[in-house]
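Peer 1: Data file input_1.pdb (PDB, C-alpha atoms) is appended below.
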```pdb
ATOM      1  CA  MET P  12      99.541 138.787 119.847  1.00  0.00           C
ATOM      2  CA  ASN P  13     100.398 135.196 120.795  1.00  0.00           C
ATOM      3  CA  PRO P  14     103.040 134.736 118.045  1.00  0.00           C
ATOM      4  CA  VAL P  15     103.868 131.180 117.008  1.00  0.00           C
ATOM      5  CA  LYS P  16     107.561 130.522 117.582  1.00  0.00           C
ATOM      6  CA  PRO P  17     109.677 127.625 116.263  1.00  0.00           C
ATOM      7  CA  GLY P  18     108.647 124.399 117.967  1.00  0.00           C
ATOM      8  CA  GLU P  19     105.249 125.760 119.013  1.00  0.00           C
ATOM      9  CA  THR P  20     101.810 124.867 117.711  1.00  0.00           C
ATOM     10  CA  PRO P  21      99.150 127.449 116.778  1.00  0.00           C
ATOM     11  CA  ARG P  22      97.732 126.905 120.273  1.00  0.00           C
ATOM     12  CA  THR P  23     100.623 126.917 122.733  1.00  0.00           C
ATOM     13  CA  PRO P  24      99.132 128.035 126.043  1.00  0.00           C
ATOM     14  CA  TRP P  25     100.395 129.308 129.321  1.00  0.00           C
ATOM     15  CA  ILE P  26      99.408 126.930 132.098  1.00  0.00           C
ATOM     16  CA  VAL P  27      97.994 128.826 135.070  1.00  0.00           C
ATOM     17  CA  GLY P  28      97.788 126.953 138.357  1.00  0.00           C
ATOM     18  CA  VAL P  29      95.744 128.348 141.239  1.00  0.00           C
ATOM     19  CA  SER P  30      96.598 126.865 144.638  1.00  0.00           C
ATOM     20  CA  GLY P  31      94.864 127.236 147.990  1.00  0.00           C
ATOM     21  CA  ALA P  32      96.649 130.346 149.271  1.00  0.00           C
ATOM     22  CA  SER P  33      94.711 133.550 149.817  1.00  0.00           C
ATOM     23  CA  GLY P  34      94.931 135.813 146.774  1.00  0.00           C
ATOM     24  CA  THR P  35      92.456 134.669 144.147  1.00  0.00           C
ATOM     25  CA  PRO P  36      92.220 138.271 142.818  1.00  0.00           C
ATOM     26  CA  TYR P  37      95.885 137.929 141.771  1.00  0.00           C
ATOM     27  CA  ALA P  38      95.017 134.871 139.699  1.00  0.00           C
ATOM     28  CA  ALA P  39      92.055 136.642 138.129  1.00  0.00           C
ATOM     29  CA  ALA P  40      94.218 139.626 137.150  1.00  0.00           C
ATOM     30  CA  VAL P  41      96.855 137.367 135.579  1.00  0.00           C
ATOM     31  CA  LEU P  42      94.240 135.415 133.632  1.00  0.00           C
ATOM     32  CA  ARG P  43      92.548 138.578 132.331  1.00  0.00           C
ATOM     33  CA  ALA P  44      95.887 140.063 131.269  1.00  0.00           C
ATOM     34  CA  LEU P  45      96.926 136.916 129.396  1.00  0.00           C
ATOM     35  CA  LEU P  46      93.634 136.835 127.524  1.00  0.00           C
ATOM     36  CA  ASP P  47      93.804 140.581 126.820  1.00  0.00           C
ATOM     37  CA  VAL P  48      97.088 140.172 124.919  1.00  0.00           C
ATOM     38  CA  GLY P  49      95.843 137.197 122.925  1.00  0.00           C
ATOM     39  CA  GLU P  50      97.489 134.363 124.854  1.00  0.00           C
ATOM     40  CA  SER P  51      95.854 130.962 125.286  1.00  0.00           C
ATOM     41  CA  VAL P  52      95.475 129.554 128.795  1.00  0.00           C
ATOM     42  CA  ASP P  53      95.242 126.092 130.311  1.00  0.00           C
ATOM     43  CA  LEU P  54      93.761 126.445 133.800  1.00  0.00           C
ATOM     44  CA  VAL P  55      94.250 124.137 136.781  1.00  0.00           C
ATOM     45  CA  VAL P  56      92.375 125.001 139.981  1.00  0.00           C
ATOM     46  CA  SER P  57      93.395 122.973 143.040  1.00  0.00           C
ATOM     47  CA  ARG P  58      90.810 121.538 145.388  1.00  0.00           C
ATOM     48  CA  ALA P  59      92.014 123.763 148.229  1.00  0.00           C
ATOM     49  CA  SER P  60      91.790 126.866 146.051  1.00  0.00           C
ATOM     50  CA  ARG P  61      88.088 126.264 145.490  1.00  0.00           C
ATOM     51  CA  LEU P  62      87.527 126.814 149.207  1.00  0.00           C
ATOM     52  CA  THR P  63      89.607 129.989 149.102  1.00  0.00           C
ATOM     53  CA  LEU P  64      87.736 131.232 146.043  1.00  0.00           C
ATOM     54  CA  LEU P  65      84.403 130.568 147.729  1.00  0.00           C
ATOM     55  CA  ASP P  66      85.542 132.391 150.865  1.00  0.00           C
ATOM     56  CA  GLU P  67      87.030 135.390 149.034  1.00  0.00           C
ATOM     57  CA  THR P  68      84.404 135.840 146.308  1.00  0.00           C
ATOM     58  CA  GLY P  69      81.378 133.700 147.136  1.00  0.00           C
ATOM     59  CA  ILE P  70      81.866 131.836 143.838  1.00  0.00           C
ATOM     60  CA  SER P  71      81.685 128.040 143.717  1.00  0.00           C
ATOM     61  CA  PHE P  72      84.026 126.711 141.041  1.00  0.00           C
ATOM     62  CA  ARG P  73      82.456 123.580 139.553  1.00  0.00           C
ATOM     63  CA  ASP P  74      84.008 121.209 137.020  1.00  0.00           C
ATOM     64  CA  ALA P  75      80.757 120.806 135.093  1.00  0.00           C
ATOM     65  CA  HIS P  76      80.138 124.574 134.955  1.00  0.00           C
ATOM     66  CA  TRP P  77      83.697 125.860 134.924  1.00  0.00           C
ATOM     67  CA  ARG P  78      83.221 128.284 132.049  1.00  0.00           C
ATOM     68  CA  ASP P  79      80.292 130.091 133.678  1.00  0.00           C
ATOM     69  CA  ASP P  80      82.036 130.141 137.054  1.00  0.00           C
ATOM     70  CA  LEU P  81      85.290 131.376 135.533  1.00  0.00           C
ATOM     71  CA  ARG P  82      83.478 134.136 133.650  1.00  0.00           C
ATOM     72  CA  GLU P  83      81.827 135.304 136.882  1.00  0.00           C
ATOM     73  CA  TRP P  84      85.155 135.170 138.720  1.00  0.00           C
ATOM     74  CA  LEU P  85      87.144 137.090 136.121  1.00  0.00           C
ATOM     75  CA  ALA P  86      84.437 139.738 135.798  1.00  0.00           C
ATOM     76  CA  ARG P  87      84.688 140.511 139.515  1.00  0.00           C
ATOM     77  CA  GLY P  88      86.918 143.349 140.727  1.00  0.00           C
ATOM     78  CA  ALA P  89      89.445 142.976 143.527  1.00  0.00           C
ATOM     79  CA  ASP P  90      87.024 144.862 145.774  1.00  0.00           C
ATOM     80  CA  GLY P  91      84.398 142.170 145.194  1.00  0.00           C
ATOM     81  CA  LYS P  92      82.277 144.226 142.830  1.00  0.00           C
ATOM     82  CA  PRO P  93      80.633 141.948 140.230  1.00  0.00           C
ATOM     83  CA  GLY P  94      80.670 142.897 136.560  1.00  0.00           C
ATOM     84  CA  ALA P  95      83.735 145.122 136.898  1.00  0.00           C
ATOM     85  CA  PHE P  96      85.433 143.602 133.832  1.00  0.00           C
ATOM     86  CA  ALA P  97      84.227 142.385 130.448  1.00  0.00           C
ATOM     87  CA  VAL P  98      85.468 138.840 129.839  1.00  0.00           C
ATOM     88  CA  ASP P  99      85.445 136.870 126.580  1.00  0.00           C
ATOM     89  CA  LEU P 100      85.836 133.120 127.074  1.00  0.00           C
ATOM     90  CA  ASP P 101      84.457 132.038 123.716  1.00  0.00           C
ATOM     91  CA  GLY P 102      86.314 129.517 121.580  1.00  0.00           C
ATOM     92  CA  ASP P 103      89.307 127.473 122.672  1.00  0.00           C
ATOM     93  CA  ARG P 104      91.398 130.207 124.260  1.00  0.00           C
ATOM     94  CA  VAL P 105      90.852 128.724 127.724  1.00  0.00           C
ATOM     95  CA  ARG P 106      90.942 125.034 128.559  1.00  0.00           C
ATOM     96  CA  TYR P 107      90.205 123.771 132.032  1.00  0.00           C
ATOM     97  CA  TRP P 108      91.734 120.625 133.510  1.00  0.00           C
ATOM     98  CA  ALA P 109      90.518 119.088 136.768  1.00  0.00           C
ATOM     99  CA  ALA P 110      93.177 118.961 139.469  1.00  0.00           C
ATOM    100  CA  GLY P 111      92.724 115.214 139.893  1.00  0.00           C
ATOM    101  CA  ASP P 112      93.163 114.463 136.195  1.00  0.00           C
ATOM    102  CA  LEU P 113      96.724 113.161 136.030  1.00  0.00           C
ATOM    103  CA  ALA P 114      96.126 112.031 132.446  1.00  0.00           C
ATOM    104  CA  ALA P 115      95.462 115.626 131.344  1.00  0.00           C
ATOM    105  CA  GLY P 116      97.500 117.267 128.609  1.00  0.00           C
ATOM    106  CA  PRO P 117      99.739 119.374 130.909  1.00  0.00           C
ATOM    107  CA  SER P 118     100.861 116.215 132.748  1.00  0.00           C
ATOM    108  CA  SER P 119     103.096 115.320 129.793  1.00  0.00           C
ATOM    109  CA  GLY P 120     106.212 117.023 128.529  1.00  0.00           C
ATOM    110  CA  SER P 121     105.083 116.385 124.954  1.00  0.00           C
ATOM    111  CA  TYR P 122     102.066 118.636 125.507  1.00  0.00           C
ATOM    112  CA  PRO P 123     102.853 122.065 124.012  1.00  0.00           C
ATOM    113  CA  ALA P 124     103.029 124.896 126.534  1.00  0.00           C
ATOM    114  CA  LYS P 125     104.921 128.166 126.839  1.00  0.00           C
ATOM    115  CA  GLY P 126     105.391 127.769 130.576  1.00  0.00           C
ATOM    116  CA  MET P 127     103.471 127.843 133.825  1.00  0.00           C
ATOM    117  CA  LEU P 128     102.406 130.479 136.329  1.00  0.00           C
ATOM    118  CA  ILE P 129     101.331 129.424 139.826  1.00  0.00           C
ATOM    119  CA  VAL P 130      99.386 132.283 141.347  1.00  0.00           C
ATOM    120  CA  PRO P 131      98.864 132.373 144.212  1.00  0.00           C
ATOM    121  CA  ALA P 132     101.221 129.638 145.421  1.00  0.00           C
ATOM    122  CA  SER P 133     100.647 128.242 148.908  1.00  0.00           C
ATOM    123  CA  THR P 134     103.529 126.936 151.002  1.00  0.00           C
ATOM    124  CA  ALA P 135     102.108 123.421 150.577  1.00  0.00           C
ATOM    125  CA  CYS P 136     102.187 123.876 146.803  1.00  0.00           C
ATOM    126  CA  VAL P 137     105.733 125.257 146.980  1.00  0.00           C
ATOM    127  CA  ALA P 138     106.844 122.235 149.010  1.00  0.00           C
ATOM    128  CA  GLY P 139     105.160 119.777 146.653  1.00  0.00           C
ATOM    129  CA  VAL P 140     106.751 121.275 143.561  1.00  0.00           C
ATOM    130  CA  ALA P 141     110.185 121.644 145.185  1.00  0.00           C
ATOM    131  CA  LEU P 142     110.136 118.011 146.300  1.00  0.00           C
ATOM    132  CA  GLY P 143     108.695 116.715 143.031  1.00  0.00           C
ATOM    133  CA  LEU P 144     105.699 115.089 144.724  1.00  0.00           C
ATOM    134  CA  SER P 145     103.230 115.522 141.815  1.00  0.00           C
ATOM    135  CA  LYS P 146     100.292 114.706 144.083  1.00  0.00           C
ATOM    136  CA  ASP P 147      97.862 116.491 141.764  1.00  0.00           C
ATOM    137  CA  LEU P 148      97.834 117.964 138.265  1.00  0.00           C
ATOM    138  CA  LEU P 149      99.027 121.364 139.438  1.00  0.00           C
ATOM    139  CA  GLN P 150     102.180 119.915 140.975  1.00  0.00           C
ATOM    140  CA  ARG P 151     102.699 117.499 138.098  1.00  0.00           C
ATOM    141  CA  ALA P 152     102.390 120.269 135.504  1.00  0.00           C
ATOM    142  CA  ALA P 153     104.926 122.339 137.441  1.00  0.00           C
ATOM    143  CA  SER P 154     107.351 119.400 137.541  1.00  0.00           C
ATOM    144  CA  VAL P 155     106.915 118.916 133.803  1.00  0.00           C
ATOM    145  CA  THR P 156     107.543 122.618 133.232  1.00  0.00           C
ATOM    146  CA  LEU P 157     110.840 122.410 135.126  1.00  0.00           C
ATOM    147  CA  LYS P 158     112.052 119.240 133.437  1.00  0.00           C
ATOM    148  CA  GLU P 159     111.254 120.663 130.007  1.00  0.00           C
ATOM    149  CA  ARG P 160     113.179 123.854 130.912  1.00  0.00           C
ATOM    150  CA  ARG P 161     110.138 126.046 130.336  1.00  0.00           C
ATOM    151  CA  PRO P 162     109.488 129.197 132.387  1.00  0.00           C
ATOM    152  CA  LEU P 163     107.913 128.524 135.790  1.00  0.00           C
ATOM    153  CA  VAL P 164     106.797 131.496 137.883  1.00  0.00           C
ATOM    154  CA  VAL P 165     105.785 130.858 141.492  1.00  0.00           C
ATOM    155  CA  ALA P 166     103.892 133.712 143.151  1.00  0.00           C
ATOM    156  CA  VAL P 167     104.200 132.651 146.769  1.00  0.00           C
ATOM    157  CA  ARG P 168     101.612 134.219 149.087  1.00  0.00           C
ATOM    158  CA  GLU P 169     102.332 133.561 152.740  1.00  0.00           C
ATOM    159  CA  THR P 170     103.741 135.402 155.731  1.00  0.00           C
ATOM    160  CA  PRO P 171     105.840 134.846 157.725  1.00  0.00           C
ATOM    161  CA  LEU P 172     107.955 132.314 155.868  1.00  0.00           C
ATOM    162  CA  ASN P 173     109.680 129.654 157.934  1.00  0.00           C
ATOM    163  CA  GLY P 174     113.076 128.161 157.200  1.00  0.00           C
ATOM    164  CA  GLN P 175     111.666 125.054 155.544  1.00  0.00           C
ATOM    165  CA  THR P 176     109.630 127.085 153.049  1.00  0.00           C
ATOM    166  CA  LEU P 177     112.594 129.357 152.378  1.00  0.00           C
ATOM    167  CA  ARG P 178     114.711 126.310 151.574  1.00  0.00           C
ATOM    168  CA  HIS P 179     111.996 125.054 149.227  1.00  0.00           C
ATOM    169  CA  LEU P 180     111.960 128.427 147.456  1.00  0.00           C
ATOM    170  CA  VAL P 181     115.739 128.337 147.079  1.00  0.00           C
ATOM    171  CA  ALA P 182     115.412 124.843 145.602  1.00  0.00           C
ATOM    172  CA  LEU P 183     112.887 126.146 143.076  1.00  0.00           C
ATOM    173  CA  ASP P 184     115.182 129.022 142.179  1.00  0.00           C
ATOM    174  CA  ASP P 185     118.065 126.583 141.732  1.00  0.00           C
ATOM    175  CA  ALA P 186     115.830 124.487 139.448  1.00  0.00           C
ATOM    176  CA  GLY P 187     115.211 127.512 137.215  1.00  0.00           C
ATOM    177  CA  ALA P 188     111.901 128.817 138.521  1.00  0.00           C
ATOM    178  CA  SER P 189     111.236 132.502 139.144  1.00  0.00           C
ATOM    179  CA  VAL P 190     110.007 133.149 142.680  1.00  0.00           C
ATOM    180  CA  VAL P 191     107.778 136.230 142.798  1.00  0.00           C
ATOM    181  CA  PRO P 192     106.419 137.023 146.276  1.00  0.00           C
ATOM    182  CA  ALA P 193     102.914 138.483 146.120  1.00  0.00           C
ATOM    183  CA  SER P 194     104.114 141.800 147.560  1.00  0.00           C
ATOM    184  CA  PRO P 195     102.156 144.851 146.353  1.00  0.00           C
ATOM    185  CA  ALA P 196     104.096 148.084 145.875  1.00  0.00           C
ATOM    186  CA  PHE P 197     102.797 151.592 146.505  1.00  0.00           C
ATOM    187  CA  TYR P 198     105.163 153.648 144.339  1.00  0.00           C
ATOM    188  CA  ALA P 199     103.237 153.186 141.099  1.00  0.00           C
ATOM    189  CA  GLY P 200     100.488 155.596 142.104  1.00  0.00           C
ATOM    190  CA  ALA P 201      98.008 153.056 143.477  1.00  0.00           C
ATOM    191  CA  THR P 202      94.656 154.597 144.419  1.00  0.00           C
ATOM    192  CA  HIS P 203      92.547 151.435 144.556  1.00  0.00           C
ATOM    193  CA  ILE P 204      92.923 147.851 145.743  1.00  0.00           C
ATOM    194  CA  GLN P 205      92.791 146.756 142.097  1.00  0.00           C
ATOM    195  CA  ASP P 206      95.958 148.770 141.424  1.00  0.00           C
ATOM    196  CA  LEU P 207      97.820 146.819 144.103  1.00  0.00           C
ATOM    197  CA  VAL P 208      96.532 143.506 142.768  1.00  0.00           C
ATOM    198  CA  ASP P 209      97.454 144.471 139.204  1.00  0.00           C
ATOM    199  CA  PHE P 210     100.995 145.374 140.281  1.00  0.00           C
ATOM    200  CA  VAL P 211     101.585 141.859 141.619  1.00  0.00           C
ATOM    201  CA  ALA P 212      99.957 140.314 138.544  1.00  0.00           C
ATOM    202  CA  GLY P 213     102.137 142.506 136.346  1.00  0.00           C
ATOM    203  CA  ARG P 214     105.324 141.405 138.092  1.00  0.00           C
ATOM    204  CA  VAL P 215     104.293 137.758 137.589  1.00  0.00           C
ATOM    205  CA  LEU P 216     103.853 138.416 133.887  1.00  0.00           C
ATOM    206  CA  ASP P 217     107.144 140.342 133.762  1.00  0.00           C
ATOM    207  CA  ALA P 218     108.909 137.258 135.117  1.00  0.00           C
ATOM    208  CA  ALA P 219     107.292 135.181 132.376  1.00  0.00           C
ATOM    209  CA  GLY P 220     108.182 137.678 129.649  1.00  0.00           C
ATOM    210  CA  VAL P 221     104.560 138.465 128.789  1.00  0.00           C
ATOM    211  CA  ALA P 222     103.779 142.027 127.695  1.00  0.00           C
ATOM    212  CA  HIS P 223     101.061 143.852 129.614  1.00  0.00           C
ATOM    213  CA  GLY P 224      99.911 147.265 130.746  1.00  0.00           C
ATOM    214  CA  LEU P 225      98.868 146.469 134.302  1.00  0.00           C
ATOM    215  CA  TYR P 226     100.992 149.049 136.090  1.00  0.00           C
ATOM    216  CA  ARG P 227     102.919 152.231 135.399  1.00  0.00           C
ATOM    217  CA  ARG P 228     106.638 151.628 135.021  1.00  0.00           C
ATOM    218  CA  TRP P 229     109.521 153.655 136.378  1.00  0.00           C
ATOM    219  CA  ASP P 230     110.622 156.334 133.891  1.00  0.00           C
ATOM    220  CA  GLY P 231     113.516 157.858 135.822  1.00  0.00           C
ATOM    221  CA  GLU P 232     111.586 160.867 137.131  1.00  0.00           C
ATOM    222  CA  LEU P 233     111.080 161.230 140.890  1.00  0.00           C
ATOM    223  CA  GLY P 234     107.568 162.218 141.882  1.00  0.00           C
ATOM    224  CA  GLY P 235     106.071 160.602 138.815  1.00  0.00           C
ATOM    225  CA  GLY P 236     104.348 157.923 140.861  1.00  0.00           C
ATOM    226  CA  ALA P 237     106.688 155.082 139.914  1.00  0.00           C
ATOM    227  CA  ARG P 238     110.093 153.909 141.130  1.00  0.00           C
ATOM    228  CA  PRO P 239     112.249 150.915 140.272  1.00  0.00           C
ATOM    229  CA  ALA P 240     110.907 147.501 141.354  1.00  0.00           C
TER     230      ALA P 240
END
```
Could you take the file, read its structure, and then write that structure out as structure tokens?
Peer 2:
Amino acid sequence: MNPVKPGETPRTPWIVGVSGASGTPYAAAVLRALLDVGESVDLVVSRASRLTLLDETGISFRDAHWRDDLREWLARGADGKPGAFAVDLDGDRVRYWAAGDLAAGPSSGSYPAKGMLIVPASTACVAGVALGLSKDLLQRAASVTLKERRPLVVAVRETPLNGQTLRHLVALDDAGASVVPASPAFYAGATHIQDLVDFVAGRVLDAAGVAHGLYRRWDGELGGGARPA
């Protein structure tokens, strides 16, 4: 449960960046899973992602009311049903940083963090991080994560992918990031849209080395509802 390792502080969070790609349920599932296993989270929500969140859930994410809006978002199921999950945001387990705040903690390499997860990652976000543009806090935090050699997981959500984006993804892989396409699998016995969302969220957390129980793993038995990823 969020063990303190050498060089870490008692609060060493995972930074979660949410970009403007479709797939806000993936971000919600990742955030819930991190909190469920006792991890701390620093959240950065891009300006474009607010429009996506509003379109996909009807929720307006507001800086001044971020905790209430986040609670409503995380409580919502992937099918849009409100109140599907119980969410505890009390205390300092979640910190929110505005995307335009380039003086925020995650903008500096001296700020303690375990790593960063960008979910979902738009092609514009992928390009910005690959090119080191740092045009907002999300991109800056990702650049810091790479330069500090911390885990960076990029859950790209776009189709089809053109050559330019593919080259950007290769550049991120070369820089040490893990590229995890938001590609749901059907072999784990999915019976609900939430199962497909949780599979992608689980693979993001697998890439980061975070324990979770979001999907059933392959056990070597055919017909058991799970095969190798």
Peer 1: Just to confirm, what's the straight-line distance from atom CA of P:Gly126 to atom CA of P:Ile26 in Å (one decimal)?
Peer 2: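 Separating atom CA of P:Gly126 from atom CA of P:Ile26 is a distance of 6.2 Å.
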Peer 1: With distances taken over all atoms listed in the file, which residue among P:Val191, P:Val52, P:Leu45, P:Ala152 lies nearest P:Gly224?
Peer 2: P:Leu45
Peer 1: Between P:Leu142, P:Ala124, P:Val137, P:Ala115, which has the minimum distance to P:Glu159 (counting all atoms listed in the file)?
Peer 2: P:Ala124
Peer 1: I'd like the neighbourhood of P:Leu225 as a PyMOL selection string, where a residue qualifies if any of its atoms comes within 9 Å (using all atoms listed in the file), though same-chain residues fewer than 3 positions away should be ignored.
Peer 2: chain P and resi 40+44+206+209-210+212-213
Peer 1: Could you tell me, as a PyMOL selection string, exactly which residues end up selected when the PyMOL selection byres ((chain P and resi 54-56) around 10) is applied to this structure?
Peer 2: chain P and resi 24-31+42+51-53+57-61+64+72+74+81+105-112+117+127-129+147-150+152
Peer 1: Mind telling me what the PyMOL selection byres ((chain P and resi 160-165) around 7) catches here, as a PyMOL selection string?
Peer 2: chain P and resi 125-130+132+156-159+166-167+188-191+215+218-219
Peer 1: Tell me, in Å to one decimal, how far atom CA of P:Thr68 is from atom CA of P:Gly91.
Peer 2: 6.4 Å
Peer 1: Just give me the gap between atom CA of P:Gly200 and atom CA of P:Leu233 in Å, one decimal is fine.
Peer 2: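 Atom-to-atom, atom CA of P:Gly200 and atom CA of P:Leu233 are spaced 12.1 Å apart.
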Peer 1: Quick one: residues within 7 Å of P:Ala95, all atoms listed in the file counted, chain neighbours fewer than 4 positions away excluded, as a ChimeraX atom specification?
Peer 2: /P:86-88
Peer 1: Using only C-alpha atoms, can you tell me which of P:Tyr37, P:Tyr198, P:Thr134, P:Gly94 comes closest to P:Asn173?
Peer 2: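 Answer, going by the shortest atom-to-atom distance: P:Thr134.
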Peer 1: Taking all atoms listed in the file into account, name the residue in P:Ala199, P:Val208, P:Ala135, P:Val48 that is nearest to P:Arg104.
Peer 2: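 Of the candidates, the smallest distance to P:Arg104 is held by P:Val48.
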Peer 1: I'd like the residues picked by the PyMOL selection byres ((chain P and resi 169) around 9) written out as a PDB file with C-alpha atoms, keeping the file's coordinate frame, using the chain letters and numbers from the file.
Peer 2:
```
ATOM      1  CA  ALA P  32      96.649 130.346 149.271  1.00  0.00           C
ATOM      2  CA  SER P  33      94.711 133.550 149.817  1.00  0.00           C
ATOM      3  CA  ALA P 132     101.221 129.638 145.421  1.00  0.00           C
ATOM      4  CA  SER P 133     100.647 128.242 148.908  1.00  0.00           C
ATOM      5  CA  THR P 134     103.529 126.936 151.002  1.00  0.00           C
ATOM      6  CA  VAL P 167     104.200 132.651 146.769  1.00  0.00           C
ATOM      7  CA  ARG P 168     101.612 134.219 149.087  1.00  0.00           C
ATOM      8  CA  THR P 170     103.741 135.402 155.731  1.00  0.00           C
ATOM      9  CA  PRO P 171     105.840 134.846 157.725  1.00  0.00           C
ATOM     10  CA  LEU P 172     107.955 132.314 155.868  1.00  0.00           C
ATOM     11  CA  PRO P 192     106.419 137.023 146.276  1.00  0.00           C
ATOM     12  CA  ALA P 193     102.914 138.483 146.120  1.00  0.00           C
TER      13      ALA P 193
END
```
